[in-house]
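File shown here: upload_22.cif, holding mmCIF, C-alpha atoms.
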```
data_final
#
loop_
_atom_site.group_PDB
_atom_site.id
_atom_site.type_symbol
_atom_site.label_atom_id
_atom_site.label_comp_id
_atom_site.auth_asym_id
_atom_site.auth_seq_id
_atom_site.Cartn_x
_atom_site.Cartn_y
_atom_site.Cartn_z
ATOM 1 C CA MET C 1 4.644 -21.865 -6.405
ATOM 2 C CA TYR C 2 3.937 -20.749 -2.825
ATOM 3 C CA GLU C 3 0.321 -19.887 -2.026
ATOM 4 C CA TYR C 4 1.142 -18.569 1.429
ATOM 5 C CA ILE C 5 3.705 -18.813 4.204
ATOM 6 C CA LYS C 6 2.637 -19.053 7.812
ATOM 7 C CA GLY C 7 5.075 -18.580 10.645
ATOM 8 C CA GLU C 8 6.525 -16.290 13.268
ATOM 9 C CA ILE C 9 7.566 -12.779 12.298
ATOM 10 C CA VAL C 10 11.202 -12.757 13.432
ATOM 11 C CA SER C 11 12.064 -9.252 12.277
ATOM 12 C CA LYS C 12 10.739 -6.282 10.332
ATOM 13 C CA LYS C 13 13.072 -4.252 8.146
ATOM 14 C CA HIS C 14 12.507 -1.244 5.914
ATOM 15 C CA ASP C 15 10.743 -3.086 3.073
ATOM 16 C CA TYR C 16 10.659 -6.731 4.109
ATOM 17 C CA VAL C 17 9.934 -9.099 6.979
ATOM 18 C CA VAL C 18 11.609 -12.336 7.981
ATOM 19 C CA VAL C 19 9.165 -15.168 8.657
ATOM 20 C CA ASP C 20 10.387 -18.293 10.465
ATOM 21 C CA ASN C 21 8.612 -21.385 9.175
ATOM 22 C CA ALA C 22 9.920 -24.771 10.393
ATOM 23 C CA GLY C 23 13.341 -23.316 11.140
ATOM 24 C CA ILE C 24 13.720 -21.584 7.762
ATOM 25 C CA GLY C 25 13.776 -17.784 7.651
ATOM 26 C CA TYR C 26 11.935 -16.464 4.592
ATOM 27 C CA LYS C 27 12.785 -12.929 3.479
ATOM 28 C CA ILE C 28 9.465 -11.574 2.202
ATOM 29 C CA PHE C 29 9.205 -8.112 0.667
ATOM 30 C CA THR C 30 5.941 -6.379 1.457
ATOM 31 C CA SER C 31 4.028 -3.096 1.452
ATOM 32 C CA ILE C 32 3.967 -0.634 4.326
ATOM 33 C CA ASN C 33 0.244 -1.378 4.727
ATOM 34 C CA THR C 34 0.948 -5.077 5.310
ATOM 35 C CA MET C 35 3.968 -4.297 7.485
ATOM 36 C CA SER C 36 1.805 -2.152 9.789
ATOM 37 C CA ARG C 37 -0.445 -5.159 10.516
ATOM 38 C CA LEU C 38 2.413 -7.487 11.499
ATOM 39 C CA GLN C 39 4.026 -7.745 14.936
ATOM 40 C CA THR C 40 7.398 -9.312 15.663
ATOM 41 C CA ASN C 41 7.355 -12.547 17.665
ATOM 42 C CA GLU C 42 3.754 -13.236 16.602
ATOM 43 C CA GLN C 43 2.342 -15.741 14.118
ATOM 44 C CA ALA C 44 1.209 -14.441 10.732
ATOM 45 C CA LEU C 45 0.063 -15.755 7.395
ATOM 46 C CA LEU C 46 1.282 -13.956 4.283
ATOM 47 C CA HIS C 47 -0.207 -14.600 0.840
ATOM 48 C CA THR C 48 2.783 -14.788 -1.468
ATOM 49 C CA TYR C 49 4.020 -14.233 -4.983
ATOM 50 C CA LEU C 50 7.390 -15.619 -6.141
ATOM 51 C CA HIS C 51 9.021 -13.293 -8.678
ATOM 52 C CA VAL C 52 11.577 -15.151 -10.796
ATOM 53 C CA ARG C 53 14.031 -13.645 -13.248
ATOM 54 C CA GLU C 54 17.108 -15.273 -14.678
ATOM 55 C CA ASP C 55 19.330 -13.601 -12.086
ATOM 56 C CA ILE C 56 17.107 -13.421 -8.991
ATOM 57 C CA MET C 57 14.203 -14.986 -7.082
ATOM 58 C CA VAL C 58 12.258 -12.676 -4.762
ATOM 59 C CA LEU C 59 9.312 -13.493 -2.523
ATOM 60 C CA TYR C 60 6.557 -10.896 -2.016
ATOM 61 C CA GLY C 61 3.887 -11.304 0.626
ATOM 62 C CA PHE C 62 0.681 -9.588 1.683
ATOM 63 C CA TYR C 63 -1.635 -9.691 4.678
ATOM 64 C CA SER C 64 -4.761 -10.034 2.532
ATOM 65 C CA GLU C 65 -5.578 -11.899 -0.649
ATOM 66 C CA GLU C 66 -7.075 -8.686 -2.039
ATOM 67 C CA GLU C 67 -3.753 -6.871 -1.751
ATOM 68 C CA LEU C 68 -1.979 -9.787 -3.472
ATOM 69 C CA PHE C 69 -4.647 -9.765 -6.202
ATOM 70 C CA LEU C 70 -4.066 -6.066 -6.879
ATOM 71 C CA PHE C 71 -0.270 -6.540 -6.749
ATOM 72 C CA ASN C 72 -0.577 -9.217 -9.469
ATOM 73 C CA MET C 73 -2.794 -6.939 -11.563
ATOM 74 C CA LEU C 74 -0.327 -4.053 -11.243
ATOM 75 C CA ILE C 75 2.720 -6.096 -12.256
ATOM 76 C CA SER C 76 0.833 -7.393 -15.307
ATOM 77 C CA ILE C 77 0.996 -3.848 -16.720
ATOM 78 C CA SER C 78 3.937 -3.169 -19.014
ATOM 79 C CA GLY C 79 6.503 -1.001 -17.226
ATOM 80 C CA ILE C 80 5.186 -1.737 -13.716
ATOM 81 C CA GLY C 81 7.478 -4.049 -11.811
ATOM 82 C CA PRO C 82 7.178 -5.436 -8.296
ATOM 83 C CA LYS C 83 8.958 -2.436 -6.733
ATOM 84 C CA ALA C 84 6.588 0.044 -8.358
ATOM 85 C CA ALA C 85 3.570 -2.064 -7.365
ATOM 86 C CA LEU C 86 4.829 -2.176 -3.755
ATOM 87 C CA SER C 87 5.341 1.581 -3.848
ATOM 88 C CA ILE C 88 1.700 2.091 -4.839
ATOM 89 C CA LEU C 89 0.385 -0.387 -2.257
ATOM 90 C CA SER C 90 2.516 1.249 0.441
ATOM 91 C CA VAL C 91 1.072 4.716 -0.127
ATOM 92 C CA LEU C 92 -2.526 3.691 -0.828
ATOM 93 C CA SER C 93 -4.599 0.842 0.555
ATOM 94 C CA TYR C 94 -6.112 -1.780 -1.744
ATOM 95 C CA GLN C 95 -9.456 0.028 -1.548
ATOM 96 C CA GLU C 96 -7.918 3.419 -2.304
ATOM 97 C CA VAL C 97 -6.072 2.086 -5.364
ATOM 98 C CA ALA C 98 -9.249 0.464 -6.679
ATOM 99 C CA THR C 99 -11.205 3.674 -6.067
ATOM 100 C CA ALA C 100 -8.521 5.779 -7.775
ATOM 101 C CA VAL C 101 -8.601 3.502 -10.828
ATOM 102 C CA VAL C 102 -12.395 3.399 -11.088
ATOM 103 C CA CYS C 103 -12.673 7.177 -10.515
ATOM 104 C CA GLU C 104 -9.768 7.849 -12.918
ATOM 105 C CA ASP C 105 -7.859 9.713 -10.196
ATOM 106 C CA ALA C 106 -4.303 9.770 -11.552
ATOM 107 C CA ALA C 107 -3.209 12.306 -8.910
ATOM 108 C CA SER C 108 -3.740 9.798 -6.092
ATOM 109 C CA LEU C 109 -1.779 7.074 -7.875
ATOM 110 C CA SER C 110 1.006 9.582 -8.604
ATOM 111 C CA LYS C 111 1.597 10.037 -4.866
ATOM 112 C CA ALA C 112 3.570 6.798 -4.896
ATOM 113 C CA PRO C 113 7.328 7.327 -5.327
ATOM 114 C CA GLY C 114 8.402 6.514 -8.884
ATOM 115 C CA ILE C 115 4.878 6.762 -10.318
ATOM 116 C CA GLY C 116 4.381 9.749 -12.610
ATOM 117 C CA LYS C 117 1.205 11.025 -14.239
ATOM 118 C CA LYS C 118 1.796 9.033 -17.455
ATOM 119 C CA THR C 119 2.325 5.807 -15.538
ATOM 120 C CA ALA C 120 -0.744 6.514 -13.383
ATOM 121 C CA MET C 121 -2.840 7.047 -16.518
ATOM 122 C CA ARG C 122 -1.530 3.759 -17.980
ATOM 123 C CA ILE C 123 -2.536 1.959 -14.762
ATOM 124 C CA ILE C 124 -6.024 3.464 -14.965
ATOM 125 C CA LEU C 125 -6.371 2.608 -18.649
ATOM 126 C CA GLU C 126 -5.265 -1.018 -18.173
ATOM 127 C CA LEU C 127 -7.100 -1.767 -14.917
ATOM 128 C CA LYS C 128 -10.336 0.182 -15.203
ATOM 129 C CA ASP C 129 -12.217 -2.537 -17.098
ATOM 130 C CA LYS C 130 -10.750 -5.284 -14.905
ATOM 131 C CA LEU C 131 -11.855 -3.520 -11.714
ATOM 132 C CA LYS C 132 -15.310 -2.476 -12.964
ATOM 133 C CA GLY C 133 -16.817 -5.639 -11.513
ATOM 134 C CA LEU C 134 -15.708 -4.609 -8.035
ATOM 135 C CA ASP C 135 -18.221 -2.539 -6.107
ATOM 136 C CA VAL C 136 -16.012 0.248 -4.836
ATOM 137 C CA GLU C 137 -18.691 1.487 -2.441
ATOM 138 C CA ASP C 138 -18.658 -1.865 -0.631
ATOM 139 C CA MET C 139 -14.927 -1.577 0.053
ATOM 140 C CA GLU C 140 -15.399 0.522 3.179
ATOM 141 C CA VAL C 141 -13.999 3.621 1.514
ATOM 142 C CA LYS C 142 -14.998 6.431 3.824
ATOM 143 C CA GLU C 143 -14.464 9.169 1.261
ATOM 144 C CA GLN C 144 -13.420 9.664 -2.324
ATOM 145 C CA ILE C 145 -9.711 9.961 -2.977
ATOM 146 C CA GLU C 146 -10.210 13.586 -4.013
ATOM 147 C CA VAL C 147 -8.905 15.153 -0.821
ATOM 148 C CA SER C 148 -7.324 18.573 -0.536
ATOM 149 C CA ASP C 149 -3.669 19.187 -1.298
ATOM 150 C CA LYS C 150 -3.191 20.278 2.316
ATOM 151 C CA TYR C 151 -4.499 16.931 3.571
ATOM 152 C CA SER C 152 -2.209 15.063 1.160
ATOM 153 C CA GLU C 153 0.780 17.125 2.270
ATOM 154 C CA ALA C 154 -0.049 16.380 5.907
ATOM 155 C CA VAL C 155 -0.226 12.636 5.178
ATOM 156 C CA ASN C 156 3.147 12.789 3.431
ATOM 157 C CA ALA C 157 4.657 14.743 6.337
ATOM 158 C CA LEU C 158 3.450 12.111 8.815
ATOM 159 C CA LEU C 159 4.885 9.356 6.598
ATOM 160 C CA VAL C 160 8.262 11.102 6.704
ATOM 161 C CA LEU C 161 7.976 11.235 10.503
ATOM 162 C CA GLY C 162 7.570 7.458 10.624
ATOM 163 C CA TYR C 163 3.794 6.952 10.625
ATOM 164 C CA ASN C 164 2.420 4.341 8.262
ATOM 165 C CA THR C 165 -0.310 5.387 5.838
ATOM 166 C CA LYS C 166 -3.167 3.883 7.820
ATOM 167 C CA TYR C 167 -2.251 5.543 11.122
ATOM 168 C CA ALA C 168 -1.404 8.854 9.434
ATOM 169 C CA ARG C 169 -4.864 8.984 7.861
ATOM 170 C CA GLU C 170 -6.552 7.914 11.111
ATOM 171 C CA ALA C 171 -4.723 10.622 13.078
ATOM 172 C CA LEU C 172 -5.620 13.268 10.499
ATOM 173 C CA ASN C 173 -9.251 12.196 10.257
ATOM 174 C CA LYS C 174 -9.651 12.825 14.000
ATOM 175 C CA THR C 175 -8.190 16.330 14.006
ATOM 176 C CA TYR C 176 -8.243 17.671 10.427
ATOM 177 C CA ASN C 177 -9.614 21.151 9.831
ATOM 178 C CA GLU C 178 -9.199 22.667 6.351
ATOM 179 C CA LYS C 179 -8.929 26.162 7.860
ATOM 180 C CA ASP C 180 -5.812 25.293 9.904
ATOM 181 C CA SER C 181 -2.317 25.844 8.547
ATOM 182 C CA LEU C 182 -0.354 22.786 7.449
ATOM 183 C CA GLN C 183 1.871 23.050 10.536
ATOM 184 C CA ASP C 184 -1.143 23.190 12.859
ATOM 185 C CA ILE C 185 -2.751 20.196 11.108
ATOM 186 C CA ILE C 186 0.418 18.148 11.617
ATOM 187 C CA LYS C 187 0.823 19.262 15.240
ATOM 188 C CA LYS C 188 -2.780 18.323 16.071
ATOM 189 C CA ALA C 189 -2.399 14.922 14.367
ATOM 190 C CA LEU C 190 0.782 14.216 16.356
ATOM 191 C CA ALA C 191 -0.859 15.280 19.614
ATOM 192 C CA GLY C 192 -4.119 13.660 18.932
#
```
Could I get this file's structure written as structure tokens?
Amino acid sequence: MYEYIKGEIVSKKHDYVVVDNAGIGYKIFTSINTMSRLQTNEQALLHTYLHVREDIMVLYGFYSEEELFLFNMLISISGIGPKAALSILSVLSYQEVATAVVCEDAASLSKAPGIGKKTAMRIILELKDKLKGLDVEDMEVKEQIEVSDKYSEAVNALLVLGYNTKYAREALNKTYNEKDSLQDIIKKALAG
């Protein structure tokens, strides 16, 4: 119904933003990745999806059409609703999700809250053929998703401390050393 909504970002909450368009405030649920790209009191364009059930209508919005495309693909899978899809797109970028699916990396998909190994395998099974046409190498993926457990734990620790996924990974990429302890890795990322 709505292709996109363009307007001023009035406020950012935990899992949604309010966009003022012609004096109407639209509550738009979004991923942490999209949220990190939006600034309050600035104009933005969000590509939207209107989720309608008999008891509720919810608007979801994304900074890029690619993220919306992947959101739609995820919710087309039986057992994956909008909240689960947002959870995945909040922990991993569009490119990382596509890479995880193509590389059959269920562990990366399982990092999202509420997504277990069985659900991750179902996502891979259902989306692998649909995403085969995408050239994962052209998606500016710097490295394969197969990173060490220590790196993953450090990312999760930074997320708990309030970093978004993008900035947590950027901070770690600048200072990460596999030989350091987890505490030292986190300290260097925070300082760095």
**Message:** I'd like to see the residues matched by the PyMOL selection byres ((chain C and resi 5-21) around 6) on this file, and ideally I'd get them as a ChimeraX atom specification.
**Reply:** /C:4,22-30,40-46
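Closest approach to Tyr94 (chain C) among C:Leu74, C:Lys179, C:Ala191, C:Ile115 is made by C:Leu74 (distances from only C-alpha atoms).
Candidate residues C:Gln39, C:Val102, C:Pro113, C:Ile123 were compared for distance to Ile77 (chain C), and the nearest is C:Ile123, using all atoms listed in the file.
Between CA of Ser31 (chain C) and CA of Asn164 (chain C) lies a distance of 10.2 Å.
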**Asked** Which residues come within 12 Å of Glu66 (chain C), counting all atoms listed in the file, excluding same-chain residues fewer than 2 positions away, as an NGL selection string?
**Response** :C and (34 or 46-48 or 61-64 or 68-73 or 89 or 93-95 or 97-98 or 131 or 134 or 139)
Next, dump the selected residues to file, keeping only C-alpha atoms, as a short mmCIF file (atom, residue, chain, number, x, y, z; two decimals), keeping the file's coordinate frame.
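Result saved to selection03.cif:
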```cif
data_model
loop_
_atom_site.label_atom_id
_atom_site.label_comp_id
_atom_site.auth_asym_id
_atom_site.auth_seq_id
_atom_site.Cartn_x
_atom_site.Cartn_y
_atom_site.Cartn_z
CA THR C 34 0.95 -5.08 5.31
CA LEU C 46 1.28 -13.96 4.28
CA HIS C 47 -0.21 -14.60 0.84
CA THR C 48 2.78 -14.79 -1.47
CA GLY C 61 3.89 -11.30 0.63
CA PHE C 62 0.68 -9.59 1.68
CA TYR C 63 -1.64 -9.69 4.68
CA SER C 64 -4.76 -10.03 2.53
CA LEU C 68 -1.98 -9.79 -3.47
CA PHE C 69 -4.65 -9.76 -6.20
CA LEU C 70 -4.07 -6.07 -6.88
CA PHE C 71 -0.27 -6.54 -6.75
CA ASN C 72 -0.58 -9.22 -9.47
CA MET C 73 -2.79 -6.94 -11.56
CA LEU C 89 0.38 -0.39 -2.26
CA SER C 93 -4.60 0.84 0.56
CA TYR C 94 -6.11 -1.78 -1.74
CA GLN C 95 -9.46 0.03 -1.55
CA VAL C 97 -6.07 2.09 -5.36
CA ALA C 98 -9.25 0.46 -6.68
CA LEU C 131 -11.86 -3.52 -11.71
CA LEU C 134 -15.71 -4.61 -8.04
CA MET C 139 -14.93 -1.58 0.05
#
```
**Request:** Identify, on the basis of all atoms listed in the file, every residue whose closest approach to Ala168 (chain C) does not exceed 10 Å; exclude the query and any residue fewer than 5 positions from it along the same chain; express the result as a VMD selection string.
**Result:** chain C and resid 154 to 159 161 to 163 173 186 189 to 190
Just the selected residues (C-alpha atoms), exported as a PDB file, in the frame of the given file, please.
```
ATOM      1  CA  ALA C 154      -0.049  16.380   5.907  1.00  0.00           C
ATOM      2  CA  VAL C 155      -0.226  12.636   5.178  1.00  0.00           C
ATOM      3  CA  ASN C 156       3.147  12.789   3.431  1.00  0.00           C
ATOM      4  CA  ALA C 157       4.657  14.743   6.337  1.00  0.00           C
ATOM      5  CA  LEU C 158       3.450  12.111   8.815  1.00  0.00           C
ATOM      6  CA  LEU C 159       4.885   9.356   6.598  1.00  0.00           C
ATOM      7  CA  LEU C 161       7.976  11.235  10.503  1.00  0.00           C
ATOM      8  CA  GLY C 162       7.570   7.458  10.624  1.00  0.00           C
ATOM      9  CA  TYR C 163       3.794   6.952  10.625  1.00  0.00           C
ATOM     10  CA  ASN C 173      -9.251  12.196  10.257  1.00  0.00           C
ATOM     11  CA  ILE C 186       0.418  18.148  11.617  1.00  0.00           C
ATOM     12  CA  ALA C 189      -2.399  14.922  14.367  1.00  0.00           C
ATOM     13  CA  LEU C 190       0.782  14.216  16.356  1.00  0.00           C
TER      14      LEU C 190
END
```
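CA of Thr165 (chain C) sits 7.5 Å away from CA of Ile32 (chain C).
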**Request:** Can you give me, as JSON, numbers by chain, the residues this file yields under the PyMOL selection byres ((chain C and resi 126) around 12)?
**Result:** {"C": [73, 74, 75, 76, 77, 78, 79, 80, 101, 102, 104, 119, 120, 121, 122, 123, 124, 125, 127, 128, 129, 130, 131, 132]}
**Asked** In Å, how far is it from CA of Cys103 (chain C) to CA of Asn33 (chain C)?
**Response** 21.7 Å
**Request:** Carefully work through the PyMOL selection byres ((chain C and resi 182) around 8) for this structure and note down the residues it includes, as number ranges by chain.
**Result:** C: 150, 153-154, 180-181, 183-186
Give the centre and edge lengths of an axis-aligned box, in Å to one decimal, that holds all listed atoms of region 21-31 of chain C with 3 Å on each side, as lines of an AutoDock Vina configuration file.
```
center_x = 8.9
center_y = -13.9
center_z = 5.9
size_x = 15.7
size_y = 27.7
size_z = 16.5
```
**Counting only C-alpha atoms, the option among C:Thr175, C:Lys118, C:Ala106, C:Gly81 closest to Arg53 (chain C)** = C:Gly81
